[in-house]
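Student: So I've got this file, my_file-v4.tsv, and it contains TSV, C-alpha atoms and all ligand atoms:
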chain	number	residue	atom	x	y	z
A	1	MET	CA	-71.93	-41.71	-18.20
A	2	ASN	CA	-71.85	-42.67	-14.53
A	3	THR	CA	-71.05	-40.17	-11.78
A	4	PRO	CA	-67.55	-38.87	-12.57
A	5	LEU	CA	-64.53	-39.70	-10.47
A	6	ILE	CA	-63.95	-36.95	-7.93
A	7	ASP	CA	-61.28	-37.30	-5.27
A	8	PRO	CA	-61.52	-36.07	-1.65
A	9	PHE	CA	-59.97	-32.73	-2.67
A	10	GLN	CA	-62.60	-32.11	-5.36
A	11	ARG	CA	-60.24	-32.88	-8.22
A	12	ARG	CA	-61.94	-34.60	-11.15
A	13	ILE	CA	-59.97	-37.53	-12.50
A	14	SER	CA	-59.99	-37.25	-16.27
A	15	TYR	CA	-56.55	-38.53	-17.20
A	16	LEU	CA	-55.33	-42.12	-16.94
A	17	ARG	CA	-51.79	-43.28	-17.56
A	18	VAL	CA	-51.35	-46.98	-18.03
A	19	SER	CA	-48.11	-48.88	-17.92
A	20	VAL	CA	-48.58	-51.90	-20.16
A	21	THR	CA	-45.24	-53.54	-19.36
A	22	ASP	CA	-42.36	-53.05	-16.94
A	23	ARG	CA	-39.92	-54.32	-19.57
A	24	CYS	CA	-37.80	-52.20	-21.83
A	25	ASP	CA	-35.21	-52.54	-24.58
A	26	PHE	CA	-33.15	-49.74	-22.97
A	27	ARG	CA	-31.62	-49.42	-19.50
A	28	CYS	CA	-31.47	-45.66	-18.93
A	29	VAL	CA	-29.14	-44.85	-16.07
A	30	TYR	CA	-31.68	-42.71	-14.16
A	31	CYS	CA	-34.48	-45.20	-14.63
A	32	MET	CA	-33.13	-48.72	-14.23
A	33	SER	CA	-30.14	-50.61	-13.01
A	34	GLU	CA	-28.32	-52.62	-15.65
A	35	GLN	CA	-29.40	-55.91	-14.10
A	36	MET	CA	-33.12	-55.43	-13.75
A	37	THR	CA	-35.38	-58.20	-12.56
A	38	PHE	CA	-38.69	-57.93	-14.34
A	39	LEU	CA	-42.01	-59.28	-13.23
A	40	PRO	CA	-42.98	-62.79	-14.24
A	41	LYS	CA	-45.25	-62.48	-17.29
A	42	LYS	CA	-48.12	-64.22	-15.52
A	43	HIS	CA	-48.40	-61.30	-13.08
A	44	LEU	CA	-49.16	-58.91	-15.91
A	45	LEU	CA	-52.68	-58.01	-16.88
A	46	THR	CA	-53.57	-59.51	-20.23
A	47	LEU	CA	-54.36	-57.14	-23.07
A	48	GLU	CA	-58.04	-58.07	-22.66
A	49	GLU	CA	-57.89	-57.19	-18.95
A	50	LEU	CA	-56.17	-53.90	-19.75
A	51	ASP	CA	-58.93	-53.20	-22.25
A	52	ARG	CA	-61.63	-53.86	-19.67
A	53	LEU	CA	-59.90	-51.77	-17.03
A	54	CYS	CA	-59.28	-48.79	-19.31
A	55	SER	CA	-62.77	-49.00	-20.76
A	56	THR	CA	-64.23	-48.89	-17.25
A	57	PHE	CA	-62.25	-45.71	-16.54
A	58	VAL	CA	-63.47	-44.21	-19.81
A	59	GLY	CA	-67.02	-45.04	-18.69
A	60	LEU	CA	-66.28	-43.10	-15.50
A	61	GLY	CA	-65.24	-39.96	-17.34
A	62	VAL	CA	-61.58	-40.44	-18.23
A	63	GLU	CA	-61.04	-38.47	-21.44
A	64	LYS	CA	-57.33	-38.80	-21.92
A	65	LEU	CA	-55.40	-42.06	-21.97
A	66	ARG	CA	-51.64	-42.28	-22.12
A	67	ILE	CA	-49.97	-45.64	-22.71
A	68	THR	CA	-46.55	-45.98	-21.19
A	69	GLY	CA	-44.21	-48.47	-19.51
A	70	GLY	CA	-41.42	-49.71	-19.45
A	71	GLU	CA	-41.40	-49.41	-23.19
A	72	PRO	CA	-45.01	-49.80	-24.31
A	73	LEU	CA	-44.13	-50.70	-27.89
A	74	VAL	CA	-42.16	-53.80	-26.86
A	75	ARG	CA	-45.25	-55.44	-25.36
A	76	LYS	CA	-46.32	-58.29	-27.62
A	77	GLY	CA	-49.59	-57.60	-29.40
A	78	ILE	CA	-49.71	-53.98	-28.24
A	79	MET	CA	-51.25	-52.82	-31.51
A	80	THR	CA	-54.38	-54.86	-30.81
A	81	PHE	CA	-54.69	-52.96	-27.54
A	82	PHE	CA	-54.33	-49.60	-29.32
A	83	ALA	CA	-56.93	-50.74	-31.84
A	84	ALA	CA	-59.28	-51.63	-28.97
A	85	MET	CA	-58.81	-48.23	-27.33
A	86	ALA	CA	-59.38	-46.49	-30.66
A	87	ARG	CA	-63.05	-47.46	-30.44
A	88	HIS	CA	-63.43	-45.00	-27.54
A	89	LEU	CA	-61.99	-42.26	-29.75
A	90	GLN	CA	-64.51	-43.16	-32.41
A	91	SER	CA	-67.39	-43.07	-29.93
A	92	GLY	CA	-66.23	-39.64	-28.73
A	93	ALA	CA	-65.88	-40.81	-25.11
A	94	LEU	CA	-62.11	-40.48	-25.27
A	95	LYS	CA	-60.67	-37.19	-26.46
A	96	GLU	CA	-57.07	-38.29	-26.67
A	97	LEU	CA	-55.17	-41.54	-26.97
A	98	THR	CA	-51.44	-41.11	-26.75
A	99	LEU	CA	-48.21	-42.75	-25.64
A	100	THR	CA	-44.80	-42.11	-24.17
A	101	THR	CA	-42.06	-44.09	-25.88
A	102	ASN	CA	-38.31	-44.28	-26.19
A	103	GLY	CA	-38.83	-44.27	-29.96
A	104	SER	CA	-36.99	-47.50	-30.69
A	105	GLN	CA	-40.03	-49.16	-32.32
A	106	LEU	CA	-41.65	-46.09	-33.86
A	107	ASP	CA	-40.26	-46.76	-37.29
A	108	ARG	CA	-42.32	-49.95	-37.29
A	109	TYR	CA	-45.51	-48.67	-35.65
A	110	ALA	CA	-45.91	-44.94	-36.30
A	111	ALA	CA	-48.15	-45.28	-39.35
A	112	ASP	CA	-50.44	-47.80	-37.60
A	113	LEU	CA	-50.70	-45.58	-34.54
A	114	ALA	CA	-51.66	-42.59	-36.66
A	115	GLY	CA	-54.19	-44.75	-38.50
A	116	MET	CA	-55.83	-45.61	-35.18
A	117	GLY	CA	-56.35	-41.99	-34.22
A	118	VAL	CA	-53.22	-41.27	-32.17
A	119	ARG	CA	-52.34	-37.64	-32.90
A	120	ARG	CA	-49.40	-36.95	-30.61
A	121	VAL	CA	-46.55	-38.93	-29.16
A	122	ASN	CA	-43.99	-38.16	-26.47
A	123	VAL	CA	-40.53	-39.42	-27.33
A	124	SER	CA	-37.82	-39.50	-24.69
A	125	LEU	CA	-34.52	-38.23	-26.02
A	126	ASP	CA	-31.88	-36.72	-23.75
A	127	THR	CA	-29.05	-36.14	-26.21
A	128	LEU	CA	-28.24	-35.85	-29.91
A	129	ASP	CA	-24.78	-37.28	-29.42
A	130	ASP	CA	-24.36	-40.94	-30.40
A	131	ALA	CA	-21.88	-41.89	-27.72
A	132	LYS	CA	-23.74	-40.07	-24.97
A	133	PHE	CA	-27.00	-41.65	-26.05
A	134	THR	CA	-25.51	-45.09	-25.62
A	135	ALA	CA	-23.96	-44.08	-22.30
A	136	ILE	CA	-27.33	-42.87	-20.99
A	137	THR	CA	-29.55	-45.63	-22.35
A	138	ARG	CA	-26.88	-48.37	-22.11
A	139	TRP	CA	-28.67	-50.51	-24.73
A	140	GLY	CA	-30.11	-47.89	-27.06
A	141	ARG	CA	-28.83	-46.65	-30.41
A	142	LEU	CA	-29.50	-43.07	-31.46
A	143	PRO	CA	-29.94	-43.63	-35.25
A	144	GLN	CA	-32.78	-46.08	-34.59
A	145	VAL	CA	-34.60	-43.52	-32.45
A	146	LEU	CA	-34.06	-40.69	-34.93
A	147	LYS	CA	-35.44	-42.95	-37.66
A	148	GLY	CA	-38.47	-43.62	-35.47
A	149	ILE	CA	-39.01	-39.90	-34.89
A	150	ASP	CA	-38.82	-39.28	-38.65
A	151	ALA	CA	-41.37	-42.04	-39.25
A	152	ALA	CA	-43.70	-40.50	-36.67
A	153	ARG	CA	-43.42	-37.11	-38.29
A	154	ALA	CA	-43.99	-38.59	-41.74
A	155	ALA	CA	-47.13	-40.28	-40.37
A	156	GLY	CA	-48.43	-36.88	-39.29
A	157	LEU	CA	-47.95	-37.36	-35.54
A	158	ARG	CA	-47.08	-34.32	-33.43
A	159	ILE	CA	-43.96	-35.02	-31.45
A	160	LYS	CA	-42.96	-33.83	-28.04
A	161	ILE	CA	-39.41	-34.57	-27.03
A	162	ASN	CA	-38.96	-35.30	-23.32
A	163	ALA	CA	-35.42	-34.75	-22.11
A	164	VAL	CA	-34.26	-35.50	-18.58
A	165	ALA	CA	-31.95	-32.72	-17.39
A	166	LEU	CA	-28.68	-34.37	-16.36
A	167	LYS	CA	-25.85	-32.40	-14.85
A	168	GLY	CA	-22.54	-33.02	-16.57
A	169	VAL	CA	-24.25	-35.09	-19.25
A	170	ASN	CA	-26.58	-33.01	-21.41
A	171	ASP	CA	-26.23	-29.55	-19.86
A	172	ASP	CA	-23.88	-28.65	-22.72
A	173	GLU	CA	-26.61	-29.60	-25.21
A	174	LEU	CA	-29.27	-27.20	-24.00
A	175	PHE	CA	-29.07	-25.01	-27.10
A	176	ARG	CA	-28.34	-27.83	-29.52
A	177	LEU	CA	-31.47	-29.71	-28.45
A	178	THR	CA	-33.54	-26.53	-28.44
A	179	GLU	CA	-32.44	-25.60	-31.96
A	180	TRP	CA	-32.92	-29.12	-33.27
A	181	CYS	CA	-36.49	-29.21	-31.93
A	182	ALA	CA	-37.19	-25.79	-33.44
A	183	ASP	CA	-35.88	-26.96	-36.83
A	184	GLN	CA	-37.85	-30.19	-36.74
A	185	GLY	CA	-41.03	-28.60	-35.40
A	186	HIS	CA	-41.07	-30.66	-32.19
A	187	ASP	CA	-42.12	-29.41	-28.79
A	188	LEU	CA	-39.55	-29.91	-26.07
A	189	THR	CA	-40.05	-30.58	-22.38
A	190	TRP	CA	-37.33	-30.87	-19.78
A	191	ILE	CA	-37.80	-33.17	-16.79
A	192	GLU	CA	-36.01	-33.05	-13.46
A	193	VAL	CA	-34.62	-36.36	-12.24
A	194	MET	CA	-36.96	-37.90	-9.69
A	195	PRO	CA	-35.85	-40.13	-6.83
A	196	MET	CA	-37.53	-43.34	-7.89
A	197	GLY	CA	-36.25	-46.89	-7.54
A	198	ASP	CA	-32.83	-48.39	-7.03
A	199	ILE	CA	-30.60	-47.56	-10.00
A	200	GLY	CA	-27.49	-49.45	-8.98
A	201	ASN	CA	-24.28	-47.46	-8.64
A	202	GLU	CA	-25.61	-44.21	-10.09
A	203	ASP	CA	-26.22	-41.31	-7.72
A	204	ARG	CA	-29.20	-39.04	-8.31
A	205	LEU	CA	-27.72	-36.11	-6.42
A	206	ASP	CA	-24.86	-36.24	-8.94
A	207	GLN	CA	-27.35	-36.35	-11.82
A	208	PHE	CA	-29.61	-33.58	-10.59
A	209	TRP	CA	-29.65	-30.45	-12.74
A	210	SER	CA	-32.20	-27.99	-11.48
A	211	LEU	CA	-34.61	-26.66	-14.09
A	212	ARG	CA	-34.39	-23.28	-12.41
A	213	ASP	CA	-30.78	-23.19	-13.53
A	214	LEU	CA	-31.62	-24.61	-16.96
A	215	ARG	CA	-34.31	-21.97	-17.45
A	216	ALA	CA	-31.95	-19.18	-16.45
A	217	ARG	CA	-29.44	-20.39	-19.03
A	218	LEU	CA	-32.11	-20.56	-21.71
A	219	ALA	CA	-33.07	-16.97	-20.88
A	220	GLU	CA	-29.50	-15.85	-21.63
A	221	ARG	CA	-30.14	-16.56	-25.31
A	222	TYR	CA	-33.90	-16.39	-25.76
A	223	THR	CA	-36.78	-14.23	-24.61
A	224	LEU	CA	-39.04	-16.47	-22.52
A	225	THR	CA	-42.75	-15.74	-22.26
A	226	ASP	CA	-44.68	-17.73	-19.66
A	227	LEU	CA	-47.73	-19.46	-21.10
A	228	ALA	CA	-50.92	-19.89	-19.12
A	229	GLU	CA	-51.34	-23.39	-20.53
A	230	ARG	CA	-51.78	-26.09	-17.88
A	231	SER	CA	-52.10	-29.81	-18.39
A	232	GLY	CA	-53.27	-30.60	-14.87
A	233	GLY	CA	-49.79	-32.01	-14.33
A	234	PRO	CA	-46.41	-30.74	-13.24
A	235	ALA	CA	-45.48	-29.12	-16.56
A	236	ARG	CA	-45.15	-25.36	-17.02
A	237	TYR	CA	-44.60	-23.89	-20.47
A	238	VAL	CA	-42.84	-20.93	-22.02
A	239	ARG	CA	-42.62	-19.67	-25.59
A	240	LEU	CA	-39.24	-18.75	-26.99
A	241	GLU	CA	-40.02	-15.52	-28.81
A	242	GLU	CA	-37.12	-15.81	-31.26
A	243	THR	CA	-38.22	-19.21	-32.60
A	244	GLY	CA	-41.87	-19.32	-31.55
A	245	GLN	CA	-41.39	-22.80	-30.11
A	246	LYS	CA	-42.89	-24.08	-26.88
A	247	VAL	CA	-40.62	-25.39	-24.14
A	248	GLY	CA	-41.95	-27.17	-21.06
A	249	PHE	CA	-40.48	-27.75	-17.62
A	250	ILE	CA	-41.54	-30.64	-15.43
A	251	THR	CA	-40.37	-29.80	-11.95
A	252	PRO	CA	-42.15	-32.02	-9.47
A	253	LEU	CA	-39.37	-31.42	-6.97
A	254	THR	CA	-39.19	-27.66	-6.97
A	255	HIS	CA	-42.80	-26.82	-7.70
A	256	ASN	CA	-46.03	-27.77	-6.15
A	257	PHE	CA	-48.43	-28.86	-8.85
A	258	CYS	CA	-50.63	-31.15	-6.83
A	259	GLU	CA	-53.61	-28.83	-6.39
A	260	SER	CA	-54.65	-29.28	-10.02
A	261	CYS	CA	-53.71	-32.95	-10.36
A	262	ASN	CA	-56.27	-34.70	-12.57
A	263	ARG	CA	-54.52	-38.02	-13.12
A	264	VAL	CA	-54.02	-41.51	-11.81
A	265	ARG	CA	-51.67	-44.26	-12.92
A	266	ILE	CA	-52.13	-47.98	-13.38
A	267	THR	CA	-49.27	-50.45	-13.44
A	268	CYS	CA	-49.04	-53.46	-15.71
A	269	THR	CA	-50.12	-55.65	-12.78
A	270	GLY	CA	-53.26	-53.64	-12.14
A	271	GLU	CA	-52.18	-51.57	-9.16
A	272	ILE	CA	-53.54	-48.05	-9.12
A	273	PHE	CA	-51.26	-45.26	-7.88
A	274	THR	CA	-53.14	-42.07	-7.29
A	275	CYS	CA	-49.94	-40.08	-6.68
A	276	LEU	CA	-46.61	-40.53	-8.48
A	277	GLY	CA	-44.74	-39.37	-5.40
A	278	GLN	CA	-46.34	-41.59	-2.78
A	279	GLU	CA	-46.11	-45.28	-1.99
A	280	GLY	CA	-49.85	-45.66	-1.39
A	281	HIS	CA	-51.71	-47.76	-3.93
A	282	SER	CA	-54.63	-50.15	-4.29
A	283	ASP	CA	-55.04	-53.36	-6.20
A	284	LEU	CA	-57.47	-53.49	-9.09
A	285	ARG	CA	-56.39	-56.88	-10.43
A	286	ALA	CA	-58.24	-58.88	-7.78
A	287	PRO	CA	-61.56	-57.06	-8.29
A	288	LEU	CA	-61.01	-57.25	-12.04
A	289	ARG	CA	-60.57	-61.00	-11.88
A	290	ALA	CA	-63.15	-61.58	-9.14
A	291	SER	CA	-66.13	-61.00	-11.36
A	292	ASP	CA	-67.08	-60.30	-14.95
A	293	ASP	CA	-69.48	-57.72	-13.62
A	294	ASP	CA	-67.94	-54.25	-13.78
A	295	VAL	CA	-69.85	-53.19	-10.65
A	296	VAL	CA	-67.16	-54.74	-8.43
A	297	LEU	CA	-64.38	-53.15	-10.44
A	298	GLU	CA	-66.04	-49.76	-10.44
A	299	ALA	CA	-66.47	-49.85	-6.68
A	300	ALA	CA	-62.77	-50.69	-6.27
A	301	ILE	CA	-61.80	-47.79	-8.56
A	302	ARG	CA	-63.97	-45.35	-6.61
A	303	ALA	CA	-62.54	-46.60	-3.31
A	304	ALA	CA	-58.98	-46.07	-4.62
A	305	ILE	CA	-59.75	-42.55	-5.87
A	306	GLY	CA	-61.19	-41.86	-2.43
A	307	LEU	CA	-57.67	-42.37	-1.04
A	308	LYS	CA	-55.87	-40.01	-3.44
A	309	PRO	CA	-53.48	-37.97	-1.29
A	310	LYS	CA	-53.32	-34.22	-1.37
A	311	GLY	CA	-49.76	-34.18	-2.71
A	312	HIS	CA	-46.28	-35.64	-2.78
A	313	ASP	CA	-43.25	-35.22	-0.52
A	314	PHE	CA	-40.30	-35.26	-2.92
A	315	ASP	CA	-37.52	-32.98	-1.73
A	316	TYR	CA	-33.86	-32.85	-2.72
A	317	ALA	CA	-33.17	-30.37	0.07
A	318	ARG	CA	-29.68	-30.62	1.46
A	319	GLN	CA	-27.70	-33.76	0.81
A	320	ASP	CA	-30.34	-36.42	1.06
A	321	VAL	CA	-33.17	-37.26	-1.27
A	322	ALA	CA	-36.12	-37.05	1.05
A	323	GLY	CA	-39.49	-38.51	0.20
A	324	ARG	CA	-37.96	-40.97	-2.23
A	325	VAL	CA	-40.15	-43.82	-3.40
A	326	SER	CA	-38.86	-47.33	-3.81
A	327	ARG	CA	-40.48	-48.32	-7.08
A	328	HIS	CA	-38.98	-47.57	-10.48
A	329	MET	CA	-40.52	-45.09	-12.87
A	330	SER	CA	-40.84	-47.96	-15.35
A	331	HIS	CA	-43.16	-49.68	-12.86
A	332	THR	CA	-45.70	-46.89	-12.54
A	333	GLY	CA	-45.04	-45.39	-15.96
A	334	GLY	CA	-43.60	-41.94	-16.41
A	401	LIG	N1	-39.90	-46.08	-22.08
A	401	LIG	C1	-40.69	-44.94	-22.36
A	401	LIG	C2	-39.83	-43.70	-22.44
A	401	LIG	O1	-38.66	-43.75	-22.06
A	401	LIG	O2	-40.36	-42.68	-22.89
A	401	LIG	C3	-41.83	-44.71	-21.39
A	401	LIG	C4	-41.57	-44.95	-19.94
A	401	LIG	S1	-40.37	-43.88	-19.17
A	401	LIG	C5	-40.38	-44.49	-17.52
A	401	LIG	C6	-41.25	-42.33	-19.12
A	401	LIG	C7	-40.43	-41.10	-18.87
A	401	LIG	O3	-39.91	-41.16	-17.57
A	401	LIG	C8	-39.25	-40.91	-19.80
A	401	LIG	O4	-39.34	-39.64	-20.40
A	401	LIG	C9	-38.06	-40.98	-18.88
A	401	LIG	O5	-37.04	-40.14	-19.33
A	401	LIG	C10	-38.63	-40.56	-17.58
A	401	LIG	N2	-37.91	-41.03	-16.39
A	401	LIG	C11	-37.54	-42.29	-16.06
A	401	LIG	N3	-36.94	-42.33	-14.86
A	401	LIG	C12	-36.94	-41.07	-14.41
A	401	LIG	C13	-36.47	-40.44	-13.21
A	401	LIG	N4	-35.89	-41.14	-12.25
A	401	LIG	N5	-36.65	-39.11	-13.08
A	401	LIG	C14	-37.24	-38.38	-14.06
A	401	LIG	N6	-37.71	-38.90	-15.20
A	401	LIG	C15	-37.56	-40.23	-15.37
A	402	LIG	FE1	-36.77	-47.76	-20.70
A	402	LIG	FE2	-38.03	-45.44	-20.72
A	402	LIG	FE3	-36.86	-46.31	-18.46
A	402	LIG	FE4	-35.34	-45.57	-20.49
A	402	LIG	S1	-36.74	-44.26	-19.34
A	402	LIG	S2	-35.09	-47.46	-19.29
A	402	LIG	S3	-36.51	-46.15	-22.22
A	402	LIG	S4	-38.57	-47.24	-19.47
Translate the structure described by the file into structure tokens.
Ligand code: SAM
Ligand code: SF4
Tutor:
Amino acid sequence: MNTPLIDPFQRRISYLRVSVTDRCDFRCVYCMSEQMTFLPKKHLLTLEELDRLCSTFVGLGVEKLRITGGEPLVRKGIMTFFAAMARHLQSGALKELTLTTNGSQLDRYAADLAGMGVRRVNVSLDTLDDAKFTAITRWGRLPQVLKGIDAARAAGLRIKINAVALKGVNDDELFRLTEWCADQGHDLTWIEVMPMGDIGNEDRLDQFWSLRDLRARLAERYTLTDLAERSGGPARYVRLEETGQKVGFITPLTHNFCESCNRVRITCTGEIFTCLGQEGHSDLRAPLRASDDDVVLEAAIRAAIGLKPKGHDFDYARQDVAGRVSRHMSHTGG
């Protein structure tokens, strides 16, 4: 392996998240406006370019690769890309290949994903109520997602449910979701709404449900034991002693997690964002296309990592959402 990727704050970059499309078959209210304009397809990296880019990162010491979007499983031909990445699992260079999905296509793809060496999948699910699910996702249907989750479980995939905490929407489902995950054997992680991208008429201050409050409510019914486990990201975990299940909290707004940040993100157009909460980014598409020689690409990657900021500036303090970033989560990948 080449010299590993170390940023200016001595953090080793070992985790790459790649958005393979900005498109999605849902329109979640906190993520997109109903009338989204997507990128022209010709701006997207081809699957071959994504392969080359990810493989270069693996050569530079990335051990964990998460495929996201938009909805990664709606990208045409995506299974050939997973198959290509599986070769790095087989060689031992990559320790984990995983994805974040809304679950709508899992029924179709779960078995293939498991066959390629994917062991875990994050499925976003904010509610178990049919009508609410449609209200949140606008275009999604709950039974389809539940069928996908069942297929994933049947294929032997471990499932982590990601739920965005939404005041007045799913706060009354805290225990229902917790119990359902315990019954099904899924991990559960709650995410605070982040101020990313224009979402039309929706207001994020209205949506914001602090995880501090959520955690306090959980503690009214369960005994919470803090776990030392760290992912290098913004998640903190507890065990519920009564059920033994693990519950995570992703609180980028109320916690500072940046000191251990080990990750960078790539968009479907080949931009690299070294911090989810900052606008700063570099282009990798031009160096990728400039030459078939990976030396140019590698130099561009190292230059980008050299600009990774110390941390983000999100802050919901008072009535304004300070430090907001203009791009959508579906652009950078969640
Ligand atoms: N479509 C896939 C999905 O929904 O899992 C992958 C992409 S989605 C952008 C990744 C994650 O970001 C999802 O769990 C979603 O709930 C979360 N997300 C989207 N917009 C968000 C926001 N503004 N604040 C917090 N989480 C957000
Ligand atoms: Fe699509 Fe995921 Fe965004 Fe929902 S959160 S609109 S499923 S990309």
Student: Take every atom of region 85-96 of chain A listed in the file, fit an axis-aligned box around them, add 6 Å per side, and give the centre and edge lengths in Å to one decimal as AutoDock Vina command-line options.
Tutor:
--center_x -62.2 --center_y -42.7 --center_z -28.8 --size_x 22.3 --size_y 23.0 --size_z 19.3
Student: Please check which protein, DNA or RNA residues sit within 7 Å of ligand LIG 402 (chain A), counting all atoms listed in the file, and write them as a list in words.
Tutor: Cys24, Asp25, Phe26, Arg27, Cys28, Cys31, Met32, Gly69, Gly70, Glu71, Thr101, Asn102, Thr137, Met329 and Ser330 of chain A
Student: I'd like a table as a tab-separated table: residues in region 212-289 of chain A with an atom no more than 12 Å from region 56-63 of chain A, each row giving the shortest atom pair and its distance in Å to one decimal, all atoms listed in the file counted, sorted by chain and rising residue number.
Tutor:
residue	atom	partner	partner_atom	distance
A:Asn262	CA	A:Val62	CA	9.7
A:Arg263	CA	A:Val62	CA	9.0
A:Val264	CA	A:Val62	CA	10.0
A:Arg265	CA	A:Phe57	CA	11.3
A:Ile266	CA	A:Phe57	CA	10.8
A:Ile272	CA	A:Phe57	CA	11.7
A:Leu284	CA	A:Thr56	CA	11.6
A:Leu288	CA	A:Thr56	CA	10.4
Student: Which polymer residues, protein or nucleic acid, are no farther than 12 Å from (-47.2, -35.6, -37.0), counting all atoms listed in the file, as number ranges by chain?
Tutor: A: 110-111, 113-115, 117-122, 148-160, 184-187
Student: Hey, can you check how far CA of Thr46 (chain A) sits from CA of Val20 (chain A)?
Tutor: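 Interatomic distance, CA of Thr46 (chain A) to CA of Val20 (chain A): 9.1 Å.
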Student: Go through A:Trp180, A:Tyr30, A:Phe82, A:Tyr109 one by one, measure the shortest atom-to-atom distance of each to ligand LIG 401 (chain A) using all atoms listed in the file, and give the residue with the smallest value.
Tutor: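 For ligand LIG 401 (chain A), the nearest of the given residues is A:Tyr30.
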Student: For Arg236 (chain A), please output as a VMD selection string all residues within 9 Å (counting all atoms listed in the file; exclusion window: fewer than 4 positions along the same chain).
Tutor: chain A and resid 226 to 231 247 to 251
Student: Can you work out which one of A:Leu276, A:Leu94, A:Met116, A:Leu47 has the shortest atom-to-atom distance to ligand LIG 401 (chain A), counting only C-alpha atoms and all ligand atoms?
Tutor: A:Leu276
Student: Go through A:Thr267, A:Thr225, A:Ser260, A:Asn162 and flag the residue nearest Arg12 (chain A), using all atoms listed in the file for the distances.
Tutor: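 The answer is A:Ser260, which sits nearest to Arg12 (chain A).
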Student: Measuring between all atoms listed in the file, which one of A:Met194, A:Ala216, A:Val123, A:Val29 shows the shortest distance to Ile136 (chain A)?
Tutor: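 Closest candidate: A:Val29.
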Student: Taking 3 positions as the minimum chain separation for residues in the same chain, which residues sit within 12 Å of Asp172 (chain A) when counting only C-alpha atoms? Answer as a list in words.
Tutor: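 Counting only the stated atoms, we get Asp126, Thr127, Leu128, Asp129, Lys132, Ala165, Leu166, Lys167, Gly168, Val169, Phe175, Arg176, Leu177, Thr178, Trp209, Leu214, Arg217 and Leu218 of chain A.
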Student: Would you mind exporting C-alpha atoms of the selected residues as a PDB file, keeping the file's coordinate frame?
Tutor:
ATOM      1  CA  ASP A 126     -31.880 -36.720 -23.750  1.00  0.00           C
ATOM      2  CA  THR A 127     -29.050 -36.140 -26.210  1.00  0.00           C
ATOM      3  CA  LEU A 128     -28.240 -35.850 -29.910  1.00  0.00           C
ATOM      4  CA  ASP A 129     -24.780 -37.280 -29.420  1.00  0.00           C
ATOM      5  CA  LYS A 132     -23.740 -40.070 -24.970  1.00  0.00           C
ATOM      6  CA  ALA A 165     -31.950 -32.720 -17.390  1.00  0.00           C
ATOM      7  CA  LEU A 166     -28.680 -34.370 -16.360  1.00  0.00           C
ATOM      8  CA  LYS A 167     -25.850 -32.400 -14.850  1.00  0.00           C
ATOM      9  CA  GLY A 168     -22.540 -33.020 -16.570  1.00  0.00           C
ATOM     10  CA  VAL A 169     -24.250 -35.090 -19.250  1.00  0.00           C
ATOM     11  CA  PHE A 175     -29.070 -25.010 -27.100  1.00  0.00           C
ATOM     12  CA  ARG A 176     -28.340 -27.830 -29.520  1.00  0.00           C
ATOM     13  CA  LEU A 177     -31.470 -29.710 -28.450  1.00  0.00           C
ATOM     14  CA  THR A 178     -33.540 -26.530 -28.440  1.00  0.00           C
ATOM     15  CA  TRP A 209     -29.650 -30.450 -12.740  1.00  0.00           C
ATOM     16  CA  LEU A 214     -31.620 -24.610 -16.960  1.00  0.00           C
ATOM     17  CA  ARG A 217     -29.440 -20.390 -19.030  1.00  0.00           C
ATOM     18  CA  LEU A 218     -32.110 -20.560 -21.710  1.00  0.00           C
TER      19      LEU A 218
END
Student: Given only C-alpha atoms as the basis, pick out the residue of A:Thr274, A:Glu241, A:Ala286, A:Arg215 nearest to His43 (chain A).
Tutor: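 The closest residue to His43 (chain A) is A:Ala286.
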Student: Which residue is closest to Leu45 (chain A)? Choose from A:Gln90, A:Arg138, A:Val18, A:Asp112 and count all atoms listed in the file.
Tutor: A:Val18
Student: Quick one: residues within 12 Å of (-57.9, -44.0, 0.2) (file frame), counting only C-alpha atoms, please, as a ChimeraX atom specification.
Tutor: /A:7-9,272-275,280-283,300-310
Student: Would you work out the distance separating CA of Ala83 (chain A) from CA of Thr100 (chain A), expressed in Å to one decimal?
Tutor: 16.7 Å
